[in-house]
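Listing of upload_10.txt, compact mmCIF, C-alpha atoms and all ligand atoms
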```txt
# COMPACT_ATOMS: atom_id res chain seq x y z
CA MET T 21 25.85 5.98 -5.13
CA ILE T 22 24.47 9.43 -5.74
CA ILE T 23 22.28 9.83 -8.82
CA LYS T 24 23.40 13.04 -10.48
CA SER T 25 21.54 12.55 -13.73
CA ALA T 26 19.02 10.14 -15.20
CA THR T 27 17.85 10.64 -18.76
CA PHE T 28 15.72 8.72 -21.21
CA VAL T 29 17.76 7.48 -24.17
CA SER T 30 15.56 5.32 -26.38
CA SER T 31 12.73 2.81 -26.75
CA ASN T 32 13.34 -0.14 -29.02
CA ASN T 33 11.61 -3.22 -30.31
CA ARG T 34 14.67 -4.59 -32.05
CA VAL T 35 17.85 -5.87 -30.46
CA ASP T 36 19.95 -4.60 -33.36
CA LYS T 37 18.74 -1.01 -32.81
CA LEU T 38 19.82 -0.70 -29.17
CA PRO T 39 22.32 1.96 -28.03
CA ALA T 40 25.94 0.98 -28.65
CA PRO T 41 27.02 -1.42 -25.89
CA ALA T 42 29.72 0.96 -24.65
CA LEU T 43 28.57 1.31 -21.03
CA PRO T 44 27.62 -1.19 -18.32
CA GLU T 45 23.93 -2.06 -18.37
CA TYR T 46 21.45 -3.37 -15.78
CA ALA T 47 18.05 -4.73 -16.80
CA PHE T 48 14.87 -4.82 -14.74
CA ILE T 49 12.51 -7.64 -15.56
CA GLY T 50 9.57 -9.45 -13.99
CA ARG T 51 5.85 -10.03 -14.25
CA SER T 52 3.62 -7.32 -15.62
CA ASN T 53 2.67 -4.87 -12.88
CA VAL T 54 5.34 -6.11 -10.44
CA GLY T 55 6.69 -2.56 -10.18
CA LYS T 56 9.68 -2.42 -12.55
CA SER T 57 9.06 1.10 -13.85
CA SER T 58 8.13 2.39 -10.38
CA LEU T 59 11.32 1.02 -8.88
CA ILE T 60 13.42 2.61 -11.62
CA ASN T 61 11.78 5.93 -10.78
CA ALA T 62 12.40 5.41 -7.04
CA LEU T 63 16.05 4.52 -7.66
CA THR T 64 16.64 7.58 -9.79
CA GLY T 65 14.49 9.93 -7.71
CA ASN T 66 12.47 10.90 -10.79
CA ARG T 67 8.79 9.99 -10.70
CA HIS T 68 8.33 10.68 -14.38
CA LEU T 69 11.32 8.86 -15.88
CA ALA T 70 9.77 5.45 -16.61
CA LYS T 71 6.06 5.30 -17.41
CA THR T 72 4.08 3.41 -14.75
CA SER T 73 0.48 2.24 -14.80
CA GLN T 74 -2.10 0.35 -12.77
CA THR T 75 -2.89 -1.57 -15.95
CA PRO T 76 -0.46 -4.43 -16.62
CA GLY T 77 1.39 -4.35 -19.91
CA LYS T 78 2.32 -0.65 -19.82
CA THR T 79 5.96 -1.12 -20.81
CA GLN T 80 6.07 -2.66 -24.29
CA LEU T 81 9.56 -1.84 -25.47
CA ILE T 82 13.14 -2.02 -24.25
CA ASN T 83 13.68 1.39 -22.65
CA HIS T 84 17.18 2.66 -21.99
CA PHE T 85 17.94 5.28 -19.35
CA LEU T 86 21.41 6.75 -18.94
CA ILE T 87 22.48 7.21 -15.33
CA ASN T 88 25.26 9.62 -14.30
CA GLU T 89 26.41 9.39 -17.93
CA GLU T 90 28.15 6.18 -16.84
CA TRP T 91 25.71 3.27 -17.03
CA TYR T 92 22.31 2.23 -18.34
CA ILE T 93 19.20 1.10 -16.54
CA VAL T 94 16.89 -0.85 -18.83
CA ASP T 95 13.15 -1.13 -18.28
CA LEU T 96 11.79 -4.24 -19.96
CA PRO T 97 8.20 -5.23 -20.75
CA GLY T 98 6.67 -7.54 -18.15
CA TYR T 99 5.99 -11.22 -18.65
CA GLY T 100 2.99 -13.28 -17.59
CA PHE T 101 0.29 -10.83 -18.54
CA ALA T 102 -2.79 -13.04 -18.99
CA LYS T 103 -4.57 -10.77 -21.48
CA VAL T 104 -1.74 -10.88 -23.98
CA SER T 105 -2.35 -13.09 -27.02
CA LYS T 106 -0.31 -16.23 -27.56
CA SER T 107 1.44 -14.79 -30.59
CA SER T 108 2.48 -11.57 -28.86
CA ARG T 109 3.66 -13.58 -25.85
CA ALA T 110 5.81 -15.68 -28.16
CA ALA T 111 7.17 -12.52 -29.79
CA TRP T 112 7.97 -11.06 -26.34
CA GLU T 113 9.82 -14.22 -25.34
CA LYS T 114 11.90 -14.28 -28.48
CA PHE T 115 12.77 -10.61 -28.30
CA ILE T 116 13.66 -10.55 -24.58
CA ARG T 117 15.58 -13.79 -24.66
CA ARG T 118 17.58 -12.53 -27.61
CA TYR T 119 18.30 -9.32 -25.71
CA LEU T 120 19.35 -11.18 -22.54
CA LEU T 121 21.61 -13.58 -24.40
CA LEU T 122 23.17 -11.20 -26.91
CA ARG T 123 23.63 -7.96 -24.99
CA GLU T 124 27.34 -7.94 -24.33
CA ASN T 125 27.39 -5.02 -21.86
CA LEU T 126 24.63 -6.51 -19.68
CA GLN T 127 26.17 -6.82 -16.21
CA CYS T 128 23.26 -8.12 -14.19
CA VAL T 129 19.55 -8.77 -14.56
CA PHE T 130 17.37 -7.75 -11.64
CA VAL T 131 14.43 -10.12 -11.49
CA LEU T 132 11.55 -8.39 -9.74
CA ILE T 133 9.17 -10.51 -7.70
CA ASP T 134 6.08 -9.33 -5.83
CA SER T 135 6.89 -9.83 -2.13
CA ARG T 136 3.18 -10.31 -1.33
CA HIS T 137 2.93 -13.63 -3.11
CA GLU T 138 4.18 -17.15 -2.54
CA PRO T 139 6.65 -18.36 -5.19
CA GLN T 140 5.07 -18.37 -8.66
CA LYS T 141 6.08 -20.90 -11.28
CA ILE T 142 6.59 -18.28 -13.98
CA ASP T 143 9.20 -16.42 -11.86
CA LEU T 144 10.96 -19.61 -10.79
CA ASP T 145 11.08 -20.85 -14.40
CA PHE T 146 12.52 -17.54 -15.54
CA CYS T 147 15.25 -17.64 -12.85
CA TYR T 148 16.02 -21.22 -13.81
CA TRP T 149 16.40 -20.22 -17.45
CA LEU T 150 18.75 -17.34 -16.51
CA GLY T 151 20.85 -19.70 -14.41
CA GLU T 152 20.97 -22.30 -17.13
CA GLN T 153 22.06 -19.67 -19.67
CA ARG T 154 24.63 -18.26 -17.22
CA VAL T 155 23.08 -14.80 -17.26
CA PRO T 156 24.02 -13.13 -13.94
CA PHE T 157 20.96 -12.12 -11.93
CA MET T 158 19.81 -10.90 -8.53
CA LEU T 159 16.37 -11.03 -6.93
CA VAL T 160 14.43 -7.89 -6.11
CA PHE T 161 11.27 -8.32 -4.04
CA THR T 162 8.89 -5.42 -4.57
CA LYS T 163 5.96 -3.65 -2.86
CA ALA T 164 7.26 -4.31 0.66
CA ASP T 165 5.11 -1.45 1.96
CA LYS T 166 1.96 -3.43 1.21
CA GLN T 167 2.39 -5.99 4.00
CA SER T 168 4.37 -6.76 7.14
CA GLN T 169 8.08 -7.45 7.07
CA ALA T 170 7.32 -10.94 8.45
CA GLN T 171 5.08 -11.73 5.47
CA SER T 172 7.70 -10.49 3.01
CA ASP T 173 10.42 -12.48 4.76
CA ALA T 174 8.30 -15.63 4.67
CA ASN T 175 7.73 -15.30 0.91
CA ILE T 176 11.39 -14.52 0.27
CA GLY T 177 12.37 -17.58 2.28
CA LYS T 178 10.04 -19.78 0.25
CA PHE T 179 11.32 -18.38 -3.04
CA ARG T 180 14.94 -18.96 -2.11
CA LYS T 181 14.13 -22.46 -0.91
CA ALA T 182 12.44 -23.23 -4.23
CA LEU T 183 15.51 -21.99 -6.13
CA LEU T 184 17.77 -24.21 -4.03
CA GLN T 185 16.15 -27.20 -5.70
CA TRP T 186 18.08 -26.19 -8.81
CA PHE T 187 21.00 -24.06 -7.65
CA GLU T 188 23.64 -24.69 -5.03
CA GLU T 189 23.24 -21.16 -3.73
CA THR T 190 20.76 -18.38 -4.31
CA PRO T 191 21.75 -15.02 -5.79
CA PRO T 192 21.74 -11.89 -3.61
CA HIS T 193 18.29 -10.46 -2.93
CA PHE T 194 16.79 -7.10 -1.98
CA LEU T 195 13.49 -6.21 -0.35
CA THR T 196 12.25 -2.96 -1.85
CA SER T 197 9.41 -0.49 -1.96
CA ALA T 198 9.01 2.17 -4.61
CA GLU T 199 6.80 4.06 -2.15
CA SER T 200 9.18 4.22 0.82
CA ARG T 201 12.40 3.68 -1.18
CA LEU T 202 13.24 0.75 1.08
CA GLY T 203 16.16 -1.18 -0.41
CA CYS T 204 17.00 1.46 -3.05
CA ALA T 205 20.33 2.45 -1.48
CA GLU T 206 21.36 -1.21 -1.19
CA LEU T 207 20.48 -1.89 -4.81
CA LEU T 208 22.44 1.12 -6.01
CA THR T 209 25.41 0.00 -3.91
CA ALA T 210 25.29 -3.42 -5.58
CA ILE T 211 25.36 -1.70 -8.99
CA ASP T 212 28.22 0.51 -7.84
CA GLU T 213 30.23 -2.52 -6.81
CA ILE T 214 29.77 -4.21 -10.17
CA ASN T 215 30.61 -0.99 -12.03
CA ALA T 216 33.82 -0.69 -9.99
CA LYS T 217 35.04 -4.17 -11.02
P1 LIG Q 301 4.51 -3.28 -16.79
O1 LIG Q 301 5.28 -2.17 -17.43
O2 LIG Q 301 3.06 -3.28 -17.16
O3 LIG Q 301 5.13 -4.61 -16.96
O4 LIG Q 301 4.46 -2.99 -15.18
P2 LIG Q 301 5.62 -2.59 -14.18
O5 LIG Q 301 6.25 -3.81 -13.62
O6 LIG Q 301 6.54 -1.58 -14.78
O7 LIG Q 301 4.79 -1.92 -12.97
P3 LIG Q 301 4.59 -0.37 -12.62
O8 LIG Q 301 5.87 0.20 -12.10
O9 LIG Q 301 3.92 0.31 -13.75
O10 LIG Q 301 3.63 -0.49 -11.35
C1 LIG Q 301 2.39 -1.17 -11.39
C2 LIG Q 301 1.49 -0.68 -10.28
O11 LIG Q 301 2.03 -1.04 -8.99
C3 LIG Q 301 1.34 0.84 -10.24
O12 LIG Q 301 0.00 1.13 -9.88
C4 LIG Q 301 2.30 1.27 -9.15
O13 LIG Q 301 1.93 2.48 -8.51
C5 LIG Q 301 2.22 0.11 -8.18
N1 LIG Q 301 3.48 -0.07 -7.43
C6 LIG Q 301 4.70 -0.33 -7.96
N2 LIG Q 301 5.64 -0.45 -7.00
C7 LIG Q 301 5.00 -0.24 -5.82
C8 LIG Q 301 5.44 -0.25 -4.44
O14 LIG Q 301 6.60 -0.45 -4.09
N3 LIG Q 301 4.48 -0.03 -3.50
C9 LIG Q 301 3.17 0.18 -3.82
N4 LIG Q 301 2.32 0.36 -2.82
N5 LIG Q 301 2.73 0.18 -5.11
C10 LIG Q 301 3.63 -0.03 -6.09
MG MG Q 302 6.67 -0.91 -16.71
```
Any chance you could put this one into structure tokens?
Amino acid sequence: MIIKSATFVSSNNRVDKLPAPALPEYAFIGRSNVGKSSLINALTGNRHLAKTSQTPGKTQLINHFLINEEWYIVDLPGYGFAKVSKSSRAAWEKFIRRYLLLRENLQCVFVLIDSRHEPQKIDLDFCYWLGEQRVPFMLVFTKADKQSQAQSDANIGKFRKALLQWFEETPPHFLTSAESRLGCAELLTAIDEINAK
């Protein structure tokens, strides 16, 4: 897929205020600082589209970006940020879960996982919840440029193995880097294929 245009549409903290669900939508979710906003910028070839930060917790709202005037990419706030208070964590959970369950044009959730780490409970639990709720998702391993391919592959293997304790098969996965754009073409192709259905 060629990205011809990528524009910011809106930031929302309420599910009932989101853009009309008239176009296919793809959400990016994962731990704080995993690289959601950076990957969105790499995919769209626009460094300034989604706001990135070294400090976890940068993205606080549901941000919609319109791509090629045909579909939406959605940048979601990260989960698992230790410094967030219990009450705001609970509010996040409620808001995001409502979004994931109610958004009728949501085609696929991309769950971003840091490829440098062994499987983390919070990511596995989130995937389990998506599976249980029948929300379609794929796995996106990030920051591949930070270590060897062998290390990334080992962590991906462990993550998939952990998921197989719950699921009969694992969803498709991508190894990506926002720095080198590794995996970006493959991810866009996957979106293209779903859009074409
Ligand atoms: P929140 O919005 O806080 O949940 O974070 P996020 O998941 O959107 O992460 P963000 O894209 O802001 O990136 C966090 C940090 O990781 C930034 O310092 C990025 O430059 C860095 N980063 C993200 N992706 C990559 C990558 O592929 N490679 C490298 N080397 N650094 C990355
Ligand atoms: Mg972000």
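Nearest residue to T:Asn175 among T:Asp95, T:Asp134, T:Glu213, T:Glu89 is T:Asp134, counting all atoms listed in the file.
Going from atom CA of T:Asn66 to atom CA of T:Lys24 covers 11.1 Å.
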Notebook entry, point to check: Which of these residues is nearest to T:Ser108, using all atoms listed in the file: T:Gln80, T:Ser58, T:Thr72, T:Glu90?
Noted result: T:Gln80
With 7 Å as the cut-off and all atoms listed in the file counted, what is the closest atom pair between each nearby residue of chain T and ligand MG 302 (chain Q)? Distances in Å to one decimal, ordered by chain and number, as a tab-separated table.
```
residue	atom	partner	partner_atom	distance
T:Asn53	CA	Q:MG302	MG	6.8
T:Gly55	CA	Q:MG302	MG	6.7
T:Lys56	CA	Q:MG302	MG	5.4
T:Ser57	CA	Q:MG302	MG	4.2
T:Lys71	CA	Q:MG302	MG	6.3
T:Thr72	CA	Q:MG302	MG	5.4
T:Lys78	CA	Q:MG302	MG	5.4
T:Thr79	CA	Q:MG302	MG	4.2
T:Asp95	CA	Q:MG302	MG	6.7
T:Leu96	CA	Q:MG302	MG	6.9
T:Pro97	CA	Q:MG302	MG	6.1
T:Gly98	CA	Q:MG302	MG	6.8
```
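Nearest to ligand LIG 301 (chain Q) of all the residues T:Trp91, T:Tyr148, T:Phe28, T:Phe161 is T:Phe161, based on all atoms listed in the file.
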Margin query: Just checking: using only C-alpha atoms, which residue out of T:Asp145, T:Glu45, T:Glu189, T:Asp165 ends up closest to T:Glu124?
Written below: T:Glu45
Check: To one decimal place, how far is atom CA of T:Ser197 from atom C6 of ligand LIG 301 (chain Q) in Å?
Finding: 7.6 Å
Next item on the list: Using only C-alpha atoms, pick whichever of T:Pro192, T:Leu144, T:Met158, T:Val129 has the shortest atom-to-atom distance to T:Arg117.
Entry: T:Val129
Residue contacts of T:Ile93 (9 Å, all atoms listed in the file) excluding same-chain residues fewer than 5 positions away, as a CSV table (one decimal) with C-alpha atoms, in the coordinates of the input:
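Just written: selection34.csv:
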```
chain,number,residue,atom,x,y,z
T,44,PRO,CA,27.6,-1.2,-18.3
T,45,GLU,CA,23.9,-2.1,-18.4
T,46,TYR,CA,21.4,-3.4,-15.8
T,47,ALA,CA,18.0,-4.7,-16.8
T,48,PHE,CA,14.9,-4.8,-14.7
T,60,ILE,CA,13.4,2.6,-11.6
T,83,ASN,CA,13.7,1.4,-22.6
T,84,HIS,CA,17.2,2.7,-22.0
T,85,PHE,CA,17.9,5.3,-19.4
T,86,LEU,CA,21.4,6.8,-18.9
T,87,ILE,CA,22.5,7.2,-15.3
```
Margin query: To one decimal place in Å, what is the distance between atom CA of T:Thr162 and atom CA of T:Asn88?
Written below: 24.3 Å
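In this comparison, which uses all atoms listed in the file, the residue of T:Ala110, T:Val94, T:Ala198, T:Leu132 approaching ligand LIG 301 (chain Q) most closely is T:Ala198.
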Quick one: axis-aligned box around all listed atoms of ligand LIG 301 (chain Q), 5 Å on every side, centre and edge lengths in Å to one decimal, written as AutoDock Vina command-line options.
```
--center_x 3.3 --center_y -1.1 --center_z -10.1 --size_x 16.6 --size_y 17.1 --size_z 24.6
```
Notebook entry, point to check: Within 7 Å of (22.3, -11.1, -12.6), only C-alpha atoms: residues as a ChimeraX atom specification?
Noted result: /T:127-130,155-158
Within 12 Å of (23.4, -24.0, -7.8), only C-alpha atoms: residues as a PDB file with C-alpha atoms, keeping the file's coordinate frame?
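Dumped to out.pdb:
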```pdb
ATOM      1  CA  CYS T 147      15.250 -17.640 -12.850  1.00  0.00           C
ATOM      2  CA  TYR T 148      16.020 -21.220 -13.810  1.00  0.00           C
ATOM      3  CA  LEU T 150      18.750 -17.340 -16.510  1.00  0.00           C
ATOM      4  CA  GLY T 151      20.850 -19.700 -14.410  1.00  0.00           C
ATOM      5  CA  GLU T 152      20.970 -22.300 -17.130  1.00  0.00           C
ATOM      6  CA  ARG T 154      24.630 -18.260 -17.220  1.00  0.00           C
ATOM      7  CA  ARG T 180      14.940 -18.960  -2.110  1.00  0.00           C
ATOM      8  CA  LYS T 181      14.130 -22.460  -0.910  1.00  0.00           C
ATOM      9  CA  ALA T 182      12.440 -23.230  -4.230  1.00  0.00           C
ATOM     10  CA  LEU T 183      15.510 -21.990  -6.130  1.00  0.00           C
ATOM     11  CA  LEU T 184      17.770 -24.210  -4.030  1.00  0.00           C
ATOM     12  CA  GLN T 185      16.150 -27.200  -5.700  1.00  0.00           C
ATOM     13  CA  TRP T 186      18.080 -26.190  -8.810  1.00  0.00           C
ATOM     14  CA  PHE T 187      21.000 -24.060  -7.650  1.00  0.00           C
ATOM     15  CA  GLU T 188      23.640 -24.690  -5.030  1.00  0.00           C
ATOM     16  CA  GLU T 189      23.240 -21.160  -3.730  1.00  0.00           C
ATOM     17  CA  THR T 190      20.760 -18.380  -4.310  1.00  0.00           C
ATOM     18  CA  PRO T 191      21.750 -15.020  -5.790  1.00  0.00           C
TER      19      PRO T 191
END
```
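Summary of the local environment: counting all atoms listed in the file, residues at most 7 Å from T:Val160, other than itself and those fewer than 6 positions away along its chain, are Phe130, Val131, Leu132, Ile133, His193, Phe194, Leu195 and Thr196 of chain T.
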Save stretch 68-102 of chain T of the structure in the block above to a file, with C-alpha atoms included, as a compact mmCIF listing (two decimals), in the first residue's frame.
```txt
# COMPACT_ATOMS: atom_id res chain seq x y z
CA HIS T 68 5.23 14.46 13.35
CA LEU T 69 1.83 12.80 12.96
CA ALA T 70 1.51 11.03 16.33
CA LYS T 71 3.23 12.59 19.33
CA THR T 72 6.04 10.40 20.70
CA SER T 73 8.02 10.73 23.91
CA GLN T 74 10.74 9.08 25.96
CA THR T 75 8.45 9.50 28.96
CA PRO T 76 5.79 6.78 29.21
CA GLY T 77 2.20 7.94 29.26
CA LYS T 78 2.49 10.47 26.42
CA THR T 79 -0.65 9.37 24.57
CA GLN T 80 -3.65 9.95 26.84
CA LEU T 81 -6.55 10.02 24.43
CA ILE T 82 -7.94 8.03 21.53
CA ASN T 83 -6.34 9.68 18.51
CA HIS T 84 -7.78 9.13 15.05
CA PHE T 85 -5.72 9.56 11.89
CA LEU T 86 -7.28 9.31 8.45
CA ILE T 87 -5.17 7.42 5.91
CA ASN T 88 -5.64 7.83 2.14
CA GLU T 89 -9.11 9.14 3.00
CA GLU T 90 -10.11 5.48 3.20
CA TRP T 91 -9.35 4.12 6.67
CA TYR T 92 -8.41 5.15 10.19
CA ILE T 93 -5.36 4.38 12.27
CA VAL T 94 -6.02 4.84 15.97
CA ASP T 95 -3.31 5.60 18.51
CA LEU T 96 -4.39 4.51 21.97
CA PRO T 97 -2.93 5.37 25.38
CA GLY T 98 -0.54 2.73 26.69
CA TYR T 99 -1.29 0.33 29.52
CA GLY T 100 0.94 -0.81 32.36
CA PHE T 101 2.48 2.52 33.21
CA ALA T 102 3.60 2.07 36.84
```
